[in-house]
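Quick notes on the structure that follows.
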Amino acid sequence: MTITVGMGPEAAGRGVGALLRGWRERRRLSQLQLALLADSSARHISFIENGRARPSQEMVLRLAEHLDVPVRERNALLLAAGYAPHYPEKRLDDPAMAALRSGMERLLASHDPYPALVVDGTFQVLAANRALGLLLSGVAPHLLEPPLNAMRITLHPEGLAPRILNLRQWRRHLLERMEQQLGLVRSEPLRALLEEVRAYPEPPGTAADGDGEEDITELFPFALPLRVAHEGRVLSFLSTIATFNTPMDVTVSELAMETFLPADPETVAFLQEAVGTAR
């Protein structure tokens, strides 16, 4: 297993004040509340938002921190204010990322025999462990050509979709996840991907909305599982997502490691035998 490897159009032409106001309103904070958090005054925040005052670089970063603005968008705020980006954006194959790559490889390998993968901000698959490959049997070869995309592989009619028993539930979950991400970062590639996968036709035999949902809730009352038909059996997984705390690089800020935990003893037994045999 190996790891391979600005400002959006909506921000173009907009001043930093309008962008900051948008983030403040998104976080449902008043100017006074933001001013108290940032050790400023409501009057100064108002002047920044309406363009009457130009914030210092330090103020832009301070406001962005208290507004929990994603790292990529913090650079966009700085550019809109006339400053250079503060956060670098290194490729994963950059020598400076060696320790990070090594750490992710160890985490992925340690999760075997259960599936795990690392994706970027547009759900491109950057790394995966051996167990994930087991689930991809039967996926159309064109979907497995680089660059692999987790959303396409999962929801395409020639991907995993025909074998996902609770496809409508899982599809709804993934589309909501993409919409939430678009609400944080302006990304035309991500928006195009969302429109693409949303337009995929459902495989024949897909259960209608609501069908089987009560049964799944009774079986798994704690979280929505991913249920996949595989070689005459049903494999059930719970998904968890891990990200890096306080990232100082744009690339790192958008990495997410998704791990799939077996949701029942049958899935545990099958994966331990199947992936263990492949060692």
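Ligands are numbered from 1 in the order shown, chains are lettered A, B, ... in the order of the structure tokens, and residues start at 1 in each chain.
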
Cut-off 9 Å: closest region 95-129 of chain A/region 145-165 of chain A atom pairs per residue, using only C-alpha atoms, as JSON lines:
```
{"residue": "A:Val119", "atom": "CA", "partner": "A:Ala150", "partner_atom": "CA", "distance": 7.6}
{"residue": "A:Thr122", "atom": "CA", "partner": "A:Asn149", "partner_atom": "CA", "distance": 8.0}
{"residue": "A:Phe123", "atom": "CA", "partner": "A:Ala150", "partner_atom": "CA", "distance": 5.6}
{"residue": "A:Gln124", "atom": "CA", "partner": "A:Asn149", "partner_atom": "CA", "distance": 4.4}
{"residue": "A:Val125", "atom": "CA", "partner": "A:Leu148", "partner_atom": "CA", "distance": 5.4}
{"residue": "A:Leu126", "atom": "CA", "partner": "A:Leu148", "partner_atom": "CA", "distance": 8.1}
```

Export of prior selection with N, CA and C atoms as a short mmCIF file (atom, residue, chain, number, x, y, z; two decimals), in the first residue's frame:
```
data_model
loop_
_atom_site.label_atom_id
_atom_site.label_comp_id
_atom_site.auth_asym_id
_atom_site.auth_seq_id
_atom_site.Cartn_x
_atom_site.Cartn_y
_atom_site.Cartn_z
N VAL A 119 -9.05 10.03 2.03
CA VAL A 119 -9.52 10.81 0.90
C VAL A 119 -9.15 12.28 1.11
N THR A 122 -11.99 16.43 -2.23
CA THR A 122 -12.93 16.09 -3.30
C THR A 122 -13.17 14.58 -3.36
N PHE A 123 -12.84 13.89 -2.27
CA PHE A 123 -13.07 12.45 -2.11
C PHE A 123 -12.25 11.59 -3.06
N GLN A 124 -11.12 12.16 -3.54
CA GLN A 124 -10.17 11.32 -4.27
C GLN A 124 -9.50 10.40 -3.27
N VAL A 125 -9.37 9.13 -3.63
CA VAL A 125 -8.75 8.15 -2.74
C VAL A 125 -7.24 8.28 -2.85
N LEU A 126 -6.59 8.64 -1.74
CA LEU A 126 -5.14 8.83 -1.73
C LEU A 126 -4.42 7.59 -1.22
#
```

### Task
Would you return as a PyMOL selection string the members of region 36-181 of chain A that DSSP assigns to alpha helix (DSSP H) on this structure's backbone?
chain A and resi 36-37+42-49+57-66+71-80+98-111+130-135+150-155+167-181

### Nearby residues (only C-alpha atoms) at most 8 Å from region 219-230 of chain A, same-chain spacing under 2 positions excluded, as a VMD selection string
chain A and resid 135 163 to 166 170 215 to 217 232 to 239 263

Residues near Glu258 (chain A), anyone? I mean within 10 Å using only C-alpha atoms, not counting same-chain ones fewer than 2 positions away, as a short mmCIF file (atom, residue, chain, number, x, y, z; two decimals) with N, CA and C atoms, in the first residue's frame.
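So the final result, stored in part00.cif, reads:
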```
data_model
loop_
_atom_site.label_atom_id
_atom_site.label_comp_id
_atom_site.auth_asym_id
_atom_site.auth_seq_id
_atom_site.Cartn_x
_atom_site.Cartn_y
_atom_site.Cartn_z
N LEU A 108 -3.51 2.89 8.54
CA LEU A 108 -4.29 2.08 7.60
C LEU A 108 -3.97 0.59 7.75
N PRO A 115 -11.80 -2.60 6.44
CA PRO A 115 -11.49 -1.61 5.40
C PRO A 115 -11.22 -0.22 5.96
N ALA A 116 -10.30 0.50 5.30
CA ALA A 116 -9.98 1.88 5.65
C ALA A 116 -9.37 2.58 4.45
N LEU A 117 -9.59 3.88 4.34
CA LEU A 117 -9.03 4.65 3.23
C LEU A 117 -8.83 6.09 3.67
N VAL A 118 -8.01 6.80 2.89
CA VAL A 118 -7.78 8.24 3.10
C VAL A 118 -8.24 8.96 1.85
N VAL A 119 -9.05 10.03 2.03
CA VAL A 119 -9.52 10.81 0.90
C VAL A 119 -9.15 12.28 1.11
N ALA A 128 -5.29 3.40 0.74
CA ALA A 128 -6.26 2.44 1.27
C ALA A 128 -5.50 1.21 1.77
N SER A 239 -19.27 3.38 9.88
CA SER A 239 -18.22 4.24 9.34
C SER A 239 -17.82 5.30 10.36
N THR A 240 -16.51 5.49 10.51
CA THR A 240 -15.99 6.58 11.33
C THR A 240 -15.04 7.41 10.48
N ILE A 241 -14.94 8.71 10.78
CA ILE A 241 -14.09 9.62 10.02
C ILE A 241 -13.17 10.36 10.97
N ALA A 242 -11.87 10.38 10.65
CA ALA A 242 -10.88 11.07 11.47
C ALA A 242 -10.19 12.14 10.63
N THR A 243 -9.99 13.31 11.23
CA THR A 243 -9.26 14.39 10.57
C THR A 243 -8.16 14.88 11.51
N LEU A 255 -7.61 16.38 4.50
CA LEU A 255 -7.50 14.92 4.54
C LEU A 255 -8.51 14.34 5.52
N ALA A 256 -9.06 13.20 5.17
CA ALA A 256 -9.97 12.49 6.07
C ALA A 256 -9.69 11.00 5.95
N PHE A 260 -13.96 1.54 8.47
CA PHE A 260 -15.21 0.80 8.53
C PHE A 260 -15.08 -0.30 9.59
N LEU A 261 -15.90 -0.19 10.62
CA LEU A 261 -15.89 -1.15 11.70
C LEU A 261 -16.97 -2.20 11.47
#
```

### Query
Can you tell me, as an MDAnalysis selection string, what residues are no more than 12 Å from region 71-84 of chain A when counting only C-alpha atoms, ignoring any on the same chain fewer than 5 positions away?
chainID A and resid 6:23 48:49 51 53:66 89 121 182:187 244:255

### strand (DSSP E or B) call set, DSSP backbone run, region 57-249 of chain A, as a VMD selection string
chain A and resid 116 to 119 124 to 128 149 164 226 to 230 233 to 242

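Nearest to Leu134 (chain A) of all the residues A:Glu176, A:Glu202, A:Asp112, A:Ser30 is A:Asp112, counting only C-alpha atoms.
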